file coords_14.cif (mmCIF, C-alpha atoms)
data_model
loop_
_atom_site.label_atom_id
_atom_site.label_comp_id
_atom_site.auth_asym_id
_atom_site.auth_seq_id
_atom_site.Cartn_x
_atom_site.Cartn_y
_atom_site.Cartn_z
CA MET A 1 10.25 3.28 -104.77
CA LYS A 2 11.03 4.68 -101.38
CA ILE A 3 7.94 5.86 -99.50
CA THR A 4 8.70 8.60 -97.01
CA LEU A 5 6.63 9.53 -93.96
CA LYS A 6 5.88 12.86 -95.62
CA LYS A 7 4.30 11.08 -98.59
CA MET A 8 2.36 8.76 -96.31
CA LEU A 9 0.72 11.51 -94.27
CA PRO A 10 -2.11 12.32 -96.75
CA LEU A 11 -2.94 8.62 -97.07
CA LEU A 12 -2.93 8.17 -93.32
CA ALA A 13 -5.26 11.14 -92.94
CA VAL A 14 -7.70 9.57 -95.41
CA ILE A 15 -7.57 6.24 -93.55
CA VAL A 16 -8.18 7.89 -90.18
CA LEU A 17 -11.07 9.91 -91.59
CA ALA A 18 -12.64 6.82 -93.16
CA ALA A 19 -12.28 4.89 -89.91
CA ALA A 20 -13.94 7.70 -87.99
CA ILE A 21 -16.84 7.74 -90.44
CA ILE A 22 -17.27 3.97 -90.22
CA LEU A 23 -17.16 4.07 -86.43
CA LYS A 24 -19.62 6.93 -86.27
CA TYR A 25 -22.20 5.56 -88.64
CA TYR A 26 -21.81 1.83 -88.20
CA GLY A 27 -19.62 0.99 -85.24
CA ASP A 28 -21.85 2.31 -82.46
CA ASN A 29 -25.25 2.64 -84.14
CA THR A 30 -25.11 6.41 -83.80
CA PRO A 31 -26.77 8.15 -86.77
CA GLU A 32 -25.70 11.35 -88.45
CA ASP A 33 -27.44 13.63 -85.96
CA GLY A 34 -25.35 12.22 -83.12
CA VAL A 35 -28.34 10.84 -81.17
CA PRO A 36 -27.90 7.14 -80.33
CA THR A 37 -30.68 4.74 -81.24
CA ASP A 38 -29.74 1.80 -79.02
CA LYS A 39 -28.48 3.18 -75.71
CA MET A 40 -31.67 4.28 -73.94
CA THR A 41 -31.81 3.43 -70.23
CA TYR A 42 -34.77 1.21 -69.29
CA ARG A 43 -36.34 0.46 -65.93
CA THR A 44 -38.40 -2.65 -65.18
CA ASN A 45 -41.84 -2.41 -63.59
CA PRO A 46 -41.76 -5.16 -60.92
CA HIS A 47 -45.50 -5.78 -61.19
CA THR A 48 -45.82 -6.43 -64.92
CA GLY A 49 -42.23 -6.80 -66.11
CA ASP A 50 -42.60 -3.86 -68.51
CA LYS A 51 -39.25 -2.48 -69.63
CA VAL A 52 -40.00 1.23 -69.72
CA SER A 53 -37.76 3.89 -71.24
CA LEU A 54 -36.40 6.23 -68.58
CA LEU A 55 -37.41 9.12 -70.82
CA GLY A 56 -41.18 9.33 -71.07
CA PHE A 57 -42.98 11.51 -73.61
CA GLY A 58 -45.39 13.89 -71.88
CA CYS A 59 -48.12 14.78 -74.35
CA MET A 60 -49.48 17.86 -72.57
CA ARG A 61 -47.40 20.25 -74.67
CA PHE A 62 -47.73 19.02 -78.25
CA PRO A 63 -46.70 21.58 -80.91
CA MET A 64 -49.46 23.89 -82.13
CA LYS A 65 -50.20 25.80 -85.33
CA MET A 66 -52.77 28.33 -86.53
CA ASN A 67 -55.94 26.69 -87.80
CA ALA A 68 -57.10 27.01 -91.42
CA GLU A 69 -59.59 29.73 -90.54
CA GLY A 70 -56.93 31.79 -88.81
CA THR A 71 -59.11 32.10 -85.73
CA GLY A 72 -57.02 30.16 -83.24
CA LYS A 73 -54.50 27.39 -82.70
CA GLU A 74 -54.79 23.65 -83.13
CA ILE A 75 -52.46 20.70 -82.67
CA ASP A 76 -49.88 20.40 -85.45
CA GLN A 77 -50.50 16.72 -86.17
CA ASP A 78 -47.71 16.39 -88.75
CA SER A 79 -45.19 17.68 -86.22
CA VAL A 80 -46.61 15.38 -83.54
CA ASN A 81 -46.24 12.39 -85.86
CA LYS A 82 -42.61 13.27 -86.57
CA LEU A 83 -41.81 13.69 -82.88
CA VAL A 84 -43.45 10.38 -81.97
CA ASP A 85 -41.70 8.58 -84.84
CA TYR A 86 -38.33 9.98 -83.78
CA ALA A 87 -38.94 9.12 -80.13
CA ILE A 88 -39.85 5.50 -80.86
CA ALA A 89 -36.92 5.11 -83.26
CA HIS A 90 -34.59 6.21 -80.44
CA GLY A 91 -35.97 3.95 -77.74
CA VAL A 92 -38.70 6.03 -76.09
CA ASN A 93 -41.74 3.84 -75.41
CA TYR A 94 -43.85 5.61 -72.72
CA PHE A 95 -46.40 8.23 -73.85
CA ASP A 96 -48.49 10.06 -71.24
CA GLY A 97 -51.65 12.08 -71.90
CA ALA A 98 -55.05 12.88 -70.44
CA PRO A 99 -58.57 13.68 -71.68
CA VAL A 100 -58.34 17.27 -70.45
CA TYR A 101 -54.96 18.15 -72.01
CA ILE A 102 -54.79 20.63 -74.89
CA ASP A 103 -58.47 21.60 -74.70
CA GLY A 104 -59.52 17.95 -74.83
CA ASN A 105 -57.60 17.12 -78.03
CA CYS A 106 -54.56 15.37 -76.58
CA GLU A 107 -55.78 11.77 -76.78
CA THR A 108 -56.96 12.18 -80.37
CA ALA A 109 -53.52 13.37 -81.46
CA MET A 110 -51.83 10.59 -79.48
CA GLY A 111 -54.06 7.98 -81.10
CA ILE A 112 -53.32 9.20 -84.60
CA ALA A 113 -49.55 9.30 -84.04
CA LEU A 114 -49.13 6.09 -82.05
CA SER A 115 -51.51 3.86 -84.03
CA ARG A 116 -49.11 4.11 -86.98
CA HIS A 117 -46.70 1.89 -85.02
CA PRO A 118 -46.95 -1.73 -83.85
CA ARG A 119 -48.83 -1.90 -80.54
CA ASN A 120 -45.91 -3.60 -78.77
CA LYS A 121 -43.64 -0.63 -79.52
CA TYR A 122 -45.23 1.72 -77.01
CA PHE A 123 -46.93 1.99 -73.63
CA VAL A 124 -49.84 4.40 -73.56
CA ALA A 125 -50.76 6.21 -70.34
CA THR A 126 -53.87 8.27 -69.75
CA LYS A 127 -56.05 9.32 -66.85
CA MET A 128 -59.49 9.42 -65.26
CA SER A 129 -59.95 13.20 -65.38
CA ASN A 130 -63.37 13.35 -63.74
CA PHE A 131 -62.93 16.76 -62.14
CA ARG A 132 -63.25 20.51 -62.77
CA ASN A 133 -66.30 21.01 -65.00
CA THR A 134 -67.29 17.33 -64.95
CA ILE A 135 -69.83 15.82 -62.57
CA PRO A 136 -68.03 12.67 -61.35
CA THR A 137 -70.97 10.29 -61.63
CA ARG A 138 -70.30 6.63 -62.24
CA GLU A 139 -71.94 6.75 -65.69
CA LEU A 140 -70.02 9.80 -66.95
CA SER A 141 -66.73 8.52 -65.53
CA ILE A 142 -67.10 5.13 -67.22
CA GLU A 143 -68.09 6.87 -70.43
CA ARG A 144 -64.92 8.95 -70.25
CA TYR A 145 -62.83 5.82 -69.67
CA HIS A 146 -64.21 4.12 -72.80
CA LYS A 147 -63.87 7.34 -74.79
CA SER A 148 -60.15 7.40 -73.97
CA MET A 149 -59.72 3.94 -75.51
CA GLU A 150 -61.64 5.03 -78.60
CA LEU A 151 -59.57 8.20 -79.12
CA LEU A 152 -56.29 6.46 -78.37
CA GLN A 153 -57.27 3.69 -80.80
CA VAL A 154 -56.45 0.90 -78.34
CA ASP A 155 -58.35 -1.96 -76.74
CA TYR A 156 -56.31 -1.84 -73.53
CA ILE A 157 -54.46 0.90 -71.66
CA ASP A 158 -50.98 0.16 -70.38
CA TYR A 159 -50.88 2.76 -67.59
CA TYR A 160 -54.11 4.26 -66.26
CA LEU A 161 -54.13 6.90 -63.55
CA LEU A 162 -56.57 8.40 -61.10
CA HIS A 163 -55.87 11.95 -62.19
CA SER A 164 -54.65 14.61 -59.77
CA ILE A 165 -55.68 12.97 -56.52
CA GLY A 166 -55.42 15.35 -53.58
CA GLY A 167 -56.68 18.35 -55.50
CA GLY A 168 -59.75 19.44 -53.57
CA GLY A 169 -58.82 17.28 -50.59
CA MET A 170 -60.30 14.06 -49.28
CA GLU A 171 -63.90 15.11 -49.93
CA SER A 172 -63.24 15.59 -53.63
CA PHE A 173 -61.33 12.31 -53.86
CA LYS A 174 -64.15 10.30 -52.30
CA GLU A 175 -66.72 11.96 -54.56
CA ARG A 176 -64.66 11.19 -57.67
CA PHE A 177 -63.55 7.63 -56.92
CA ILE A 178 -65.15 6.07 -53.82
CA ASP A 179 -68.79 7.12 -53.48
CA ASN A 180 -69.49 6.41 -57.17
CA GLY A 181 -67.65 3.06 -57.16
CA ILE A 182 -65.15 4.12 -59.85
CA LEU A 183 -62.07 2.88 -57.99
CA GLU A 184 -63.71 -0.53 -57.69
CA PHE A 185 -64.64 -0.42 -61.39
CA LEU A 186 -61.07 0.38 -62.41
CA GLN A 187 -59.72 -2.43 -60.25
CA GLU A 188 -62.04 -4.84 -62.06
CA GLU A 189 -60.83 -3.49 -65.41
CA ARG A 190 -57.29 -4.12 -64.18
CA LYS A 191 -58.19 -7.75 -63.40
CA ALA A 192 -59.78 -8.12 -66.84
CA GLY A 193 -56.57 -6.91 -68.53
CA ARG A 194 -58.06 -3.82 -70.15
CA ILE A 195 -55.90 -1.82 -67.75
CA ARG A 196 -52.45 -3.35 -67.44
CA ASN A 197 -51.14 -1.02 -64.70
CA LEU A 198 -53.32 1.03 -62.36
CA GLY A 199 -51.92 4.02 -60.50
CA PHE A 200 -52.55 7.65 -59.62
CA SER A 201 -51.04 11.10 -60.04
CA TYR A 202 -50.70 13.26 -56.96
CA HIS A 203 -51.23 17.00 -56.48
CA GLY A 204 -52.50 18.57 -53.30
CA ASP A 205 -53.58 17.22 -49.95
CA ILE A 206 -51.06 14.75 -48.56
CA ALA A 207 -53.80 13.03 -46.55
CA VAL A 208 -55.20 11.62 -49.80
CA PHE A 209 -51.79 10.34 -50.91
CA ASP A 210 -51.28 8.63 -47.56
CA TYR A 211 -54.80 7.20 -47.64
CA LEU A 212 -54.30 5.59 -51.05
CA LEU A 213 -51.07 3.97 -49.92
CA SER A 214 -52.79 2.67 -46.78
CA LEU A 215 -55.39 0.73 -48.78
CA ASP A 216 -55.13 -3.04 -49.01
CA TYR A 217 -54.18 -2.79 -52.66
CA GLN A 218 -50.88 -3.02 -54.51
CA TRP A 219 -50.61 -0.01 -56.80
CA ASP A 220 -48.65 -0.68 -59.97
CA PHE A 221 -47.18 2.85 -60.08
CA ALA A 222 -47.74 6.42 -58.94
CA GLN A 223 -46.94 9.72 -60.60
CA ILE A 224 -45.32 12.41 -58.46
CA GLN A 225 -43.65 15.78 -58.96
CA LEU A 226 -39.91 15.35 -58.42
CA ASN A 227 -37.01 17.67 -59.16
CA TYR A 228 -34.04 18.95 -57.21
CA LEU A 229 -35.91 22.06 -56.05
CA ASP A 230 -38.94 20.12 -54.79
CA TRP A 231 -36.92 17.30 -53.24
CA GLN A 232 -36.86 18.98 -49.83
CA HIS A 233 -38.41 22.41 -50.47
CA ALA A 234 -41.86 21.83 -51.96
CA ALA A 235 -43.96 21.92 -48.80
CA ASP A 236 -45.87 25.04 -47.84
CA ALA A 237 -48.21 26.10 -45.05
CA THR A 238 -51.30 24.64 -46.73
CA GLY A 239 -49.87 21.12 -46.93
CA ARG A 240 -49.85 21.14 -50.74
CA ASN A 241 -46.78 20.40 -52.86
CA THR A 242 -45.36 17.83 -50.48
CA ASP A 243 -41.59 17.35 -50.56
CA ALA A 244 -40.63 14.81 -53.22
CA GLU A 245 -38.27 13.08 -50.82
CA TYR A 246 -41.25 12.05 -48.66
CA LEU A 247 -43.42 11.02 -51.62
CA TYR A 248 -40.68 8.95 -53.21
CA SER A 249 -39.65 7.25 -49.96
CA GLU A 250 -43.25 6.25 -49.19
CA LEU A 251 -43.57 4.69 -52.64
CA VAL A 252 -40.30 2.79 -52.24
CA LYS A 253 -41.50 1.33 -48.92
CA ARG A 254 -44.50 -0.18 -50.72
CA ASN A 255 -42.70 -1.27 -53.89
CA VAL A 256 -44.61 1.27 -56.02
CA PRO A 257 -42.56 2.51 -59.00
CA ALA A 258 -42.54 6.29 -59.42
CA VAL A 259 -43.39 8.04 -62.66
CA ILE A 260 -41.74 11.45 -62.44
CA MET A 261 -43.45 14.63 -63.63
CA GLU A 262 -42.15 18.20 -63.71
CA PRO A 263 -38.41 17.34 -63.72
CA LEU A 264 -37.79 20.92 -64.93
CA ARG A 265 -40.54 22.46 -62.81
CA GLY A 266 -42.28 23.76 -65.90
CA GLY A 267 -39.01 24.84 -67.49
CA ALA A 268 -37.81 26.92 -64.53
CA LEU A 269 -34.82 24.63 -63.92
CA ALA A 270 -33.73 25.13 -67.52
CA ARG A 271 -33.52 28.87 -66.82
CA ILE A 272 -31.36 28.96 -63.71
CA SER A 273 -29.32 32.01 -62.72
CA ALA A 274 -25.89 32.83 -64.08
CA MET A 275 -24.40 32.13 -60.65
CA SER A 276 -25.99 28.67 -60.62
CA THR A 277 -24.81 27.98 -64.15
CA ARG A 278 -21.23 28.79 -63.21
CA ILE A 279 -21.39 26.32 -60.33
CA LEU A 280 -22.55 23.51 -62.62
CA ASN A 281 -20.14 24.45 -65.40
CA GLY A 282 -17.32 24.12 -62.87
CA ILE A 283 -18.10 20.42 -62.77
CA ASP A 284 -19.12 19.72 -66.37
CA SER A 285 -19.48 22.56 -68.85
CA SER A 286 -20.80 20.21 -71.55
CA LEU A 287 -24.16 19.83 -69.78
CA ASN A 288 -26.90 22.43 -69.98
CA PRO A 289 -29.15 23.14 -66.95
CA ALA A 290 -31.94 20.92 -68.32
CA ALA A 291 -29.59 17.93 -68.57
CA TRP A 292 -28.58 18.40 -64.92
CA ALA A 293 -32.24 18.43 -63.86
CA PHE A 294 -33.05 15.32 -65.90
CA ARG A 295 -30.08 13.48 -64.42
CA PHE A 296 -31.35 14.31 -60.94
CA ALA A 297 -34.86 13.10 -61.74
CA GLY A 298 -33.63 9.88 -63.31
CA SER A 299 -31.02 8.96 -60.71
CA PRO A 300 -33.40 7.44 -58.08
CA GLU A 301 -33.48 3.75 -58.95
CA HIS A 302 -37.23 3.41 -58.34
CA ALA A 303 -38.01 6.10 -60.91
CA LEU A 304 -39.72 4.12 -63.68
CA THR A 305 -39.79 6.94 -66.23
CA VAL A 306 -39.30 10.70 -66.29
CA LEU A 307 -41.87 12.66 -68.27
CA SER A 308 -40.93 15.58 -70.47
CA GLY A 309 -43.31 17.67 -72.55
CA MET A 310 -41.16 17.89 -75.67
CA ASN A 311 -42.53 19.93 -78.56
CA THR A 312 -39.37 20.32 -80.66
CA ILE A 313 -36.94 17.80 -82.11
CA GLN A 314 -34.08 19.64 -80.38
CA HIS A 315 -35.57 19.12 -76.91
CA LEU A 316 -36.32 15.49 -77.74
CA GLN A 317 -32.76 14.91 -78.94
CA GLU A 318 -31.19 16.53 -75.88
CA ASN A 319 -33.26 14.43 -73.49
CA ILE A 320 -32.61 11.20 -75.39
CA ILE A 321 -28.87 11.87 -75.18
CA THR A 322 -29.11 12.50 -71.42
CA TYR A 323 -30.71 9.08 -70.88
CA SER A 324 -28.76 7.14 -73.53
CA PRO A 325 -27.51 5.96 -71.17
CA LEU A 326 -28.12 7.81 -67.90
CA THR A 327 -25.04 8.68 -65.86
CA PRO A 328 -26.38 8.82 -62.27
CA LEU A 329 -25.34 11.78 -60.16
CA ASN A 330 -22.41 11.39 -57.78
CA ASP A 331 -21.99 12.99 -54.34
CA ARG A 332 -20.15 16.02 -55.67
CA GLU A 333 -22.87 16.68 -58.24
CA TYR A 334 -25.65 16.32 -55.67
CA ALA A 335 -23.83 18.89 -53.52
CA ALA A 336 -23.59 21.30 -56.45
CA LEU A 337 -27.32 21.01 -57.14
CA GLU A 338 -27.99 21.71 -53.48
CA GLN A 339 -26.08 24.97 -53.89
CA VAL A 340 -28.16 25.77 -56.97
CA THR A 341 -31.32 25.00 -55.00
CA ASN A 342 -30.37 27.48 -52.27
CA ILE A 343 -29.67 30.19 -54.84
CA THR A 344 -32.96 29.55 -56.63
CA LEU A 345 -34.98 29.60 -53.42
CA ASN A 346 -33.60 33.04 -52.66
CA ALA A 347 -34.53 34.37 -56.11
CA ALA A 348 -37.85 35.89 -57.13
CA PHE A 349 -39.01 32.89 -59.16
CA ILE A 350 -42.71 32.17 -59.55
CA PRO A 351 -43.00 28.37 -59.13
CA CYS A 352 -45.20 27.91 -62.20
CA THR A 353 -44.84 24.60 -64.05
CA GLU A 354 -46.84 25.80 -67.08
CA CYS A 355 -49.26 22.90 -66.60
CA GLN A 356 -52.14 24.97 -68.08
CA TYR A 357 -54.60 23.93 -65.34
CA CYS A 358 -55.26 27.64 -64.71
CA MET A 359 -56.40 28.15 -68.30
CA PRO A 360 -58.49 29.42 -69.94
CA CYS A 361 -58.51 32.80 -68.24
CA PRO A 362 -61.85 34.69 -68.40
CA VAL A 363 -60.05 37.76 -69.78
CA ASP A 364 -57.59 35.79 -71.95
CA VAL A 365 -54.43 36.40 -69.94
CA ASP A 366 -51.90 33.74 -70.98
CA ILE A 367 -50.89 33.08 -67.39
CA PRO A 368 -48.19 30.42 -68.01
CA LYS A 369 -46.62 32.54 -70.76
CA VAL A 370 -46.54 35.64 -68.54
CA PHE A 371 -44.86 33.74 -65.71
CA ALA A 372 -42.37 32.04 -68.07
CA LEU A 373 -41.31 35.42 -69.44
CA TYR A 374 -40.90 36.83 -65.96
CA ASN A 375 -38.88 33.83 -64.76
CA SER A 376 -36.63 34.04 -67.81
CA ILE A 377 -35.28 37.45 -66.75
CA VAL A 378 -35.32 36.79 -63.01
CA SER A 379 -33.09 33.78 -63.65
CA ILE A 380 -30.15 36.02 -64.62
CA GLU A 381 -30.86 38.83 -62.18
CA ASP A 382 -28.40 38.08 -59.40
CA SER A 383 -25.79 40.00 -57.51
CA THR A 384 -22.90 38.71 -59.58
CA ILE A 385 -24.24 40.31 -62.77
CA GLY A 386 -25.87 43.59 -61.91
CA GLU A 387 -28.40 45.60 -63.87
CA GLU A 388 -25.75 47.31 -65.99
CA SER A 389 -24.30 44.15 -67.52
CA VAL A 390 -24.68 43.43 -71.23
CA ASN A 391 -26.45 40.12 -70.52
CA TYR A 392 -28.98 41.77 -68.27
CA ARG A 393 -29.71 44.58 -70.73
CA LYS A 394 -30.23 42.06 -73.52
CA ALA A 395 -32.52 39.95 -71.35
CA LYS A 396 -34.50 43.01 -70.31
CA GLN A 397 -35.06 44.08 -73.90
CA ALA A 398 -36.03 40.53 -74.91
CA PHE A 399 -38.55 40.41 -72.06
CA LEU A 400 -40.14 43.71 -73.08
CA ASP A 401 -40.24 42.82 -76.77
CA GLU A 402 -41.91 39.47 -76.06
CA TYR A 403 -44.23 40.96 -73.43
CA ASP A 404 -45.50 43.64 -75.80
CA ARG A 405 -45.52 41.53 -78.96
CA ASN A 406 -47.19 38.31 -77.83
CA LEU A 407 -49.16 39.54 -74.85
CA THR A 408 -51.50 42.23 -76.06
CA THR A 409 -52.72 45.08 -73.87
CA LEU A 410 -55.93 43.08 -73.46
CA ALA A 411 -54.15 39.93 -72.35
CA ASN A 412 -51.03 40.80 -70.38
CA ALA A 413 -50.54 40.68 -66.63
CA SER A 414 -52.18 44.05 -66.01
CA SER A 415 -55.46 42.77 -67.49
CA CYS A 416 -56.12 40.44 -64.53
CA ILE A 417 -59.47 41.21 -62.89
CA GLY A 418 -58.70 39.25 -59.73
CA CYS A 419 -61.57 36.77 -60.09
CA GLY A 420 -59.51 33.99 -58.47
CA LYS A 421 -60.70 31.23 -60.82
CA CYS A 422 -57.11 30.39 -61.73
CA LYS A 423 -55.95 30.29 -58.12
CA LYS A 424 -58.38 27.50 -57.26
CA GLU A 425 -57.06 25.35 -60.12
CA CYS A 426 -53.31 25.78 -59.53
CA PRO A 427 -51.61 22.55 -58.35
CA GLN A 428 -48.66 24.64 -57.13
CA ASN A 429 -50.91 26.75 -54.90
CA ILE A 430 -49.67 30.00 -56.47
CA ASN A 431 -51.57 33.16 -55.63
CA ILE A 432 -51.90 33.86 -59.35
CA PRO A 433 -53.78 37.20 -59.19
CA GLU A 434 -51.23 38.57 -56.75
CA GLN A 435 -48.30 37.34 -58.84
CA LEU A 436 -49.81 38.82 -62.01
CA LYS A 437 -49.93 42.19 -60.25
CA ASN A 438 -46.26 41.77 -59.34
CA VAL A 439 -45.33 40.94 -62.94
CA ALA A 440 -47.30 43.93 -64.25
CA SER A 441 -45.44 46.22 -61.83
CA PHE A 442 -42.15 44.60 -62.81
CA ALA A 443 -42.85 45.20 -66.51
CA GLU A 444 -43.72 48.85 -65.92
CA LYS A 445 -40.53 49.31 -63.91
CA LEU A 446 -38.47 47.87 -66.74
CA LYS A 447 -40.16 50.11 -69.30
CA THR A 448 -39.41 53.27 -67.30
CA SER A 449 -35.80 52.22 -66.77
CA LYS A 450 -35.05 51.71 -70.47
#

call {"tool": "encode", "arguments": {"input": "coords_14.cif", "output": "structure tokens"}}
result
Amino acid sequence: MKITLKKMLPLLAVIVLAAAIILKYYGDNTPEDGVPTDKMTYRTNPHTGDKVSLLGFGCMRFPMKMNAEGTGKEIDQDSVNKLVDYAIAHGVNYFDGAPVYIDGNCETAMGIALSRHPRNKYFVATKMSNFRNTIPTRELSIERYHKSMELLQVDYIDYYLLHSIGGGGMESFKERFIDNGILEFLQEERKAGRIRNLGFSYHGDIAVFDYLLSLDYQWDFAQIQLNYLDWQHAADATGRNTDAEYLYSELVKRNVPAVIMEPLRGGALARISAMSTRILNGIDSSLNPAAWAFRFAGSPEHALTVLSGMNTIQHLQENIITYSPLTPLNDREYAALEQVTNITLNAAFIPCTECQYCMPCPVDVDIPKVFALYNSIVSIEDSTIGEESVNYRKAKQAFLDEYDRNLTTLANASSCIGCGKCKKECPQNINIPEQLKNVASFAEKLKTSK
């Protein structure tokens, strides 16, 4: 029987389809959801040989749900477990928390989720958070250290940090870690193996950062804020928020790996302006703004891991894809992000990272939420769009709906009493009361222009 090409076409189509299915599901270890399980980029800590996933799981922003009594929110442990399981299955092995995160419940949730996995599958990071409402005595600090191990359900901590050094200046640092002997205690714990890597996270006075690096001690790592906006434009008149370029270069000089926090600057770099988006799309339209920011944060070769506070599977999947594997930025892409930086610096953004340090507010203003809403509309308000565009009108209505629905009249920006408590706690040195007044005025202007 003569077989014509026309008769062969259906069979060929079936063969091609079957081959594609085999390749997709078996050939490259990529599961049905399209997120690879075996392509994560890893960096090696030169001090302990740890192979750390370039994507680190920041546990400050775990998903929440309403509690059984309906009186408030609590951590959604089932969702946390699913996120942690998915992360580990896709190569993520660094999980960062602190005793003060999520109203003191972060480490408990981490312990529950992580202890369900073999101990060699993850690195746990937590911090000595002996500040704010805590008297940093030696006894209370050591008690907090042991409590972290208990809640995390571990008998050693892989990465332990002096939390938020620089906040409060040199006087506060010495009270928290030097005068009470806690730094010496932690160094002894490091020698005993109960702390495998000892480091610090930096916010605030650069003199403290420089002092720590001047000590006759080899730090295993340090956590710094690094993103393309803060690379050369973080410094201000007070000396806080030092440029990431300086911080990173000083760490490299001393062979101290950098753990990167705030790669999205609290989500602001995922909400860039339409003009900025067009610039990046002109290079690669397949990448969203968050992926560009994560590529920037992960490109420095001494970046050990880049933390992301992921509270949805979608965000987790997107970030895994970006780092599985990482494609480092090239010169053209760096130049494009410099253009985006200049546009962003000229916009009316509030540089809030949604870190929650300003909370709780005495009058229940959800400060990070207010600023996030404001930034979401400012991000598209540029000269190339105009206030009459469809996109702008939609964004304006979305802002007002969210502002009125989720921020009650007792807890929106206009409720601020100007007490200044939040301002003292802000690592970004934002004049929060002043900015809340600006947002309140902005909201009223939008309402009258509807």

call {"tool": "resolve_selection", "arguments": {"input": "coords_14.cif", "expression": "the PyMOL selection byres ((chain A and resi 169-175) around 9)", "output": "VMD selection string"}}
result
chain A and resid 131 136 to 137 165 to 168 176 to 180 204 to 208 211

call {"tool": "write_last_selection", "arguments": {"input": "coords_14.cif", "atoms": "C-alpha atoms", "output": "PDB file, in the frame of the given file"}}
result
ATOM      1  CA  PHE A 131     -62.930  16.760 -62.140  1.00  0.00           C
ATOM      2  CA  PRO A 136     -68.030  12.670 -61.350  1.00  0.00           C
ATOM      3  CA  THR A 137     -70.970  10.290 -61.630  1.00  0.00           C
ATOM      4  CA  ILE A 165     -55.680  12.970 -56.520  1.00  0.00           C
ATOM      5  CA  GLY A 166     -55.420  15.350 -53.580  1.00  0.00           C
ATOM      6  CA  GLY A 167     -56.680  18.350 -55.500  1.00  0.00           C
ATOM      7  CA  GLY A 168     -59.750  19.440 -53.570  1.00  0.00           C
ATOM      8  CA  ARG A 176     -64.660  11.190 -57.670  1.00  0.00           C
ATOM      9  CA  PHE A 177     -63.550   7.630 -56.920  1.00  0.00           C
ATOM     10  CA  ILE A 178     -65.150   6.070 -53.820  1.00  0.00           C
ATOM     11  CA  ASP A 179     -68.790   7.120 -53.480  1.00  0.00           C
ATOM     12  CA  ASN A 180     -69.490   6.410 -57.170  1.00  0.00           C
ATOM     13  CA  GLY A 204     -52.500  18.570 -53.300  1.00  0.00           C
ATOM     14  CA  ASP A 205     -53.580  17.220 -49.950  1.00  0.00           C
ATOM     15  CA  ILE A 206     -51.060  14.750 -48.560  1.00  0.00           C
ATOM     16  CA  ALA A 207     -53.800  13.030 -46.550  1.00  0.00           C
ATOM     17  CA  VAL A 208     -55.200  11.620 -49.800  1.00  0.00           C
ATOM     18  CA  TYR A 211     -54.800   7.200 -47.640  1.00  0.00           C
TER      19      TYR A 211
END

call {"tool": "resolve_selection", "arguments": {"input": "coords_14.cif", "expression": "the PyMOL selection byres ((chain A and resi 357) around 7)", "output": "list in words"}}
result
Cys355, Gln356, Cys358, Met359, Glu425 and Cys426 of chain A

call {"tool": "resolve_selection", "arguments": {"input": "coords_14.cif", "expression": "the PyMOL selection byres ((chain A and resi 242) around 10)", "output": "ChimeraX atom specification"}}
result
/A:202-206,209,224-226,230-236,238-241,243-247

call {"tool": "atom_distance", "arguments": {"input": "coords_14.cif", "atom1": "atom CA of Val35 of chain A", "atom2": "atom CA of Gly282 of chain A"}}
result
25.2 Å

call {"tool": "closest_residue", "arguments": {"input": "coords_14.cif", "among": "A:Phe296, A:Phe349, A:Tyr94, A:Phe442", "to": "Pro328 of chain A", "atoms": "only C-alpha atoms"}}
result
A:Phe296

call {"tool": "residues_around", "arguments": {"input": "coords_14.cif", "residues": "segment 331-339 of chain A", "least_positions_apart": "5", "cutoff": "9 Å", "atoms": "only C-alpha atoms", "output": "VMD selection string"}}
result
chain A and resid 228 to 229 276 279 to 280 283 292 to 293 296 344

call {"tool": "residues_near_point", "arguments": {"input": "coords_14.cif", "point": "(-51.0, 15.2, -74.5)", "cutoff": "8 Å", "atoms": "only C-alpha atoms", "output": "PDB file with C-alpha atoms, keeping the file's coordinate frame"}}
result
ATOM      1  CA  GLY A  58     -45.390  13.890 -71.880  1.00  0.00           C
ATOM      2  CA  CYS A  59     -48.120  14.780 -74.350  1.00  0.00           C
ATOM      3  CA  MET A  60     -49.480  17.860 -72.570  1.00  0.00           C
ATOM      4  CA  ARG A  61     -47.400  20.250 -74.670  1.00  0.00           C
ATOM      5  CA  PHE A  62     -47.730  19.020 -78.250  1.00  0.00           C
ATOM      6  CA  ASP A  96     -48.490  10.060 -71.240  1.00  0.00           C
ATOM      7  CA  GLY A  97     -51.650  12.080 -71.900  1.00  0.00           C
ATOM      8  CA  ALA A  98     -55.050  12.880 -70.440  1.00  0.00           C
ATOM      9  CA  TYR A 101     -54.960  18.150 -72.010  1.00  0.00           C
ATOM     10  CA  ILE A 102     -54.790  20.630 -74.890  1.00  0.00           C
ATOM     11  CA  ASN A 105     -57.600  17.120 -78.030  1.00  0.00           C
ATOM     12  CA  CYS A 106     -54.560  15.370 -76.580  1.00  0.00           C
ATOM     13  CA  GLU A 107     -55.780  11.770 -76.780  1.00  0.00           C
ATOM     14  CA  ALA A 109     -53.520  13.370 -81.460  1.00  0.00           C
ATOM     15  CA  MET A 110     -51.830  10.590 -79.480  1.00  0.00           C
TER      16      MET A 110
END

call {"tool": "atom_distance", "arguments": {"input": "coords_14.cif", "atom1": "atom CA of Tyr159 of chain A", "atom2": "atom CA of Arg132 of chain A"}}
result
22.2 Å

call {"tool": "closest_residue", "arguments": {"input": "coords_14.cif", "among": "A:Gly72, A:Gly104, A:Pro362, A:Pro99", "to": "His146 of chain A", "atoms": "only C-alpha atoms"}}
result
A:Pro99
